[in-house]
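I have placed the structure first, in the form of C-alpha cells, so that the comments after it can refer back to it.
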Amino acid sequence: MVESVLGSFGAKTIADINNIGRAARFIWAGLVASFRNLFHSKYYQLIWTQMYIIGVRSVSVIMVTGAFVGMTLAIQTHGTLASVGMEERLGVLINISVVKEFGPVLAAVMLAGRIGGALTAELGTMKVTEQIEAVRSMGTDPIRHLVAPRVLACLLLTPILIIYADLLGIIGGYYMSVVQLGINSRAYWTFSATGVEFWDLSIGVIKGFFFGGVIASISCYKGFHCREGAEGVGRACTEAFVASFISILALNFAMGVIFKAIYNTLWPGVSLL
C-alpha cells in the first residue's frame, strides 16, 4: 500500500513538473513570437483584429466595473471617516485605492473572465477540430500566427483598459461622495490632488502589462492543450480562468511588495499610503 501511494505521488509529481515545463516553453515561445511580429507588417492585420475584439468590445464592461468600484468604496468608507470628522478626505482613499489596487485587479479579473474564456474556447475548438494542425501542415507557425497576435493585443490594451476603469472609478466615487453624500466638492478634489501622485497611477498601468500577458499566455496555453470534445474545451476554459485569477492575485501581491521597496529606496522617509 505504501509503495502504491508513493508511486502515485511520484507519478503525479513528475506529471506536474512536465506540465510546468511545457507551459514555460509555450509562454516563452509566445513572447518571442510576439516580439518578432512587431517587425513584420504582414501580421499587423491579425493584431488589429485581436485588438478590436479584446479592447474595443471590453470597454463598456470595464467602465461599468470601475464605476461600481468607486461608488462602493464611497459608500463603505464614508461612515468611518465621518465618525472622526475626516469625510472631506474621502477622495484620497477612494482614488488611491482605485488607481493602485481595485481598478487594475478587478479590470484584469473581468478581462480574464471575458477575454480569457473566449481565447481558450476559440483556440480549444481549433485544436479539437484539428485546425491548428492544418495551419502547421501549411508551413505556418501556429504560435506566431495564432498566439502572438492575441498576446500582443492583451499586452498593449490591458493598461489602457485599466485607465478607463480608473477614470470611471474616480467619477463614480465623486458622484457618490459629492452628489449623494454632500461632501464639499472643492475640498474633495483638493485633498485628492495632494494625496494621489503620478507614481500611484503608474503602478496600476504597469501592472496592466503583466496582467495582460498572464491572461493571454495562460488562455492560449489551455486552448492549445485542451482535451478532445466539448467537455475538454469547457474544462480548459474553467482552468484558464482559475489559473489567470490566481496568477493575477499573486502578481498583484508580489508587485505591491516590489513597488513599495522601490518607493522607499527612491524617496526614503516619505510615507506611502
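So you can find residues: chains in the C-alpha cells are A, B, ... in the order shown, residues in each start at 1, and ligands are numbered from 1 in order.
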Review point. Any idea what's packed within 8 Å of stretch 133-148 of chain A, counting only C-alpha atoms, ignoring anything in its chain fewer than 2 positions away? Could you give it as a PyMOL selection string?
Key: chain A and resi 29-31+33-34+37+43+127+130-131+150-152+220
Restrict the calculation to only C-alpha atoms, then for each residue of stretch 150-212 of chain A with any atom at most 8 Å from an atom of stretch 70-76 of chain A give the closest atom pair and their distance in Å to one decimal, rows by chain and rising residue number, as a Markdown table.
| residue | atom | partner | partner_atom | distance |
| --- | --- | --- | --- | --- |
| A:Leu168 | CA | A:Gly70 | CA | 7.5 |
| A:Gly169 | CA | A:Gly70 | CA | 4.2 |
| A:Ile170 | CA | A:Gly70 | CA | 6.0 |
| A:Ile171 | CA | A:Gly70 | CA | 7.3 |
| A:Gly172 | CA | A:Gly70 | CA | 4.9 |
| A:Gly173 | CA | A:Gly70 | CA | 4.3 |
| A:Tyr174 | CA | A:Met71 | CA | 7.9 |
| A:Tyr175 | CA | A:Met71 | CA | 7.5 |
| A:Met176 | CA | A:Met71 | CA | 5.7 |
| A:Ser177 | CA | A:Ala74 | CA | 6.1 |
Write the selection just made, keeping C-alpha atoms, as a tab-separated table (two decimals), in the first residue's frame?
chain	number	residue	atom	x	y	z
A	168	LEU	CA	-14.87	55.68	-14.17
A	169	GLY	CA	-13.94	54.67	-10.63
A	170	ILE	CA	-12.90	58.25	-9.86
A	171	ILE	CA	-16.08	59.63	-11.42
A	172	GLY	CA	-18.24	57.10	-9.57
A	173	GLY	CA	-16.56	57.91	-6.27
A	174	TYR	CA	-17.01	61.64	-6.88
A	175	TYR	CA	-20.70	61.21	-7.70
A	176	MET	CA	-21.45	59.27	-4.53
A	177	SER	CA	-19.27	61.46	-2.31
Once you count only C-alpha atoms, what closest atom pair and distance in Å to one decimal does each residue of stretch 98-121 of chain A within 6 Å of stretch 236-242 of chain A have, with rows by chain and rising residue number, as a tab-separated table?
residue	atom	partner	partner_atom	distance
A:Ala112	CA	A:Phe241	CA	5.9
A:Gly117	CA	A:Cys237	CA	5.1
A:Thr120	CA	A:Cys237	CA	5.5
Those same residues, written as a PDB file, in the first residue's frame with C-alpha atoms?
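Resulting contents of selection.pdb:
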ATOM      1  CA  ALA A 112      -9.800  37.043 -17.549  1.00  0.00           C
ATOM      2  CA  GLY A 117     -12.529  32.327 -21.676  1.00  0.00           C
ATOM      3  CA  THR A 120      -9.405  29.455 -24.639  1.00  0.00           C
TER       4      THR A 120
END
With 9 Å as the cut-off and only C-alpha atoms counted, what is the closest atom pair between each nearby residue of stretch 7-122 of chain A and stretch 155-161 of chain A? Distances in Å to one decimal, ordered by chain and number, as a Markdown table.
| residue | atom | partner | partner_atom | distance |
| --- | --- | --- | --- | --- |
| A:Met51 | CA | A:Leu157 | CA | 7.1 |
| A:Ile54 | CA | A:Leu157 | CA | 7.7 |
| A:Gly55 | CA | A:Leu157 | CA | 5.9 |
| A:Ser58 | CA | A:Leu161 | CA | 7.9 |
| A:Val59 | CA | A:Leu161 | CA | 6.6 |
| A:Ile62 | CA | A:Leu161 | CA | 6.8 |
| A:Met63 | CA | A:Leu161 | CA | 8.3 |
| A:Pro104 | CA | A:Pro159 | CA | 8.2 |
| A:Ala107 | CA | A:Leu161 | CA | 7.4 |
| A:Ala108 | CA | A:Thr158 | CA | 7.5 |
| A:Leu111 | CA | A:Thr158 | CA | 8.3 |
Check your understanding: Which one is closest to A:Val64: A:Leu106, A:Ile206, A:Met126, A:Met86? Count only C-alpha atoms.
Key -> A:Leu106
**Study point:** Counting only C-alpha atoms, the residue of A:Gly212, A:Pro149, A:Gly182, A:Gly229 that sits nearest A:Phe245
**Key:** A:Gly212
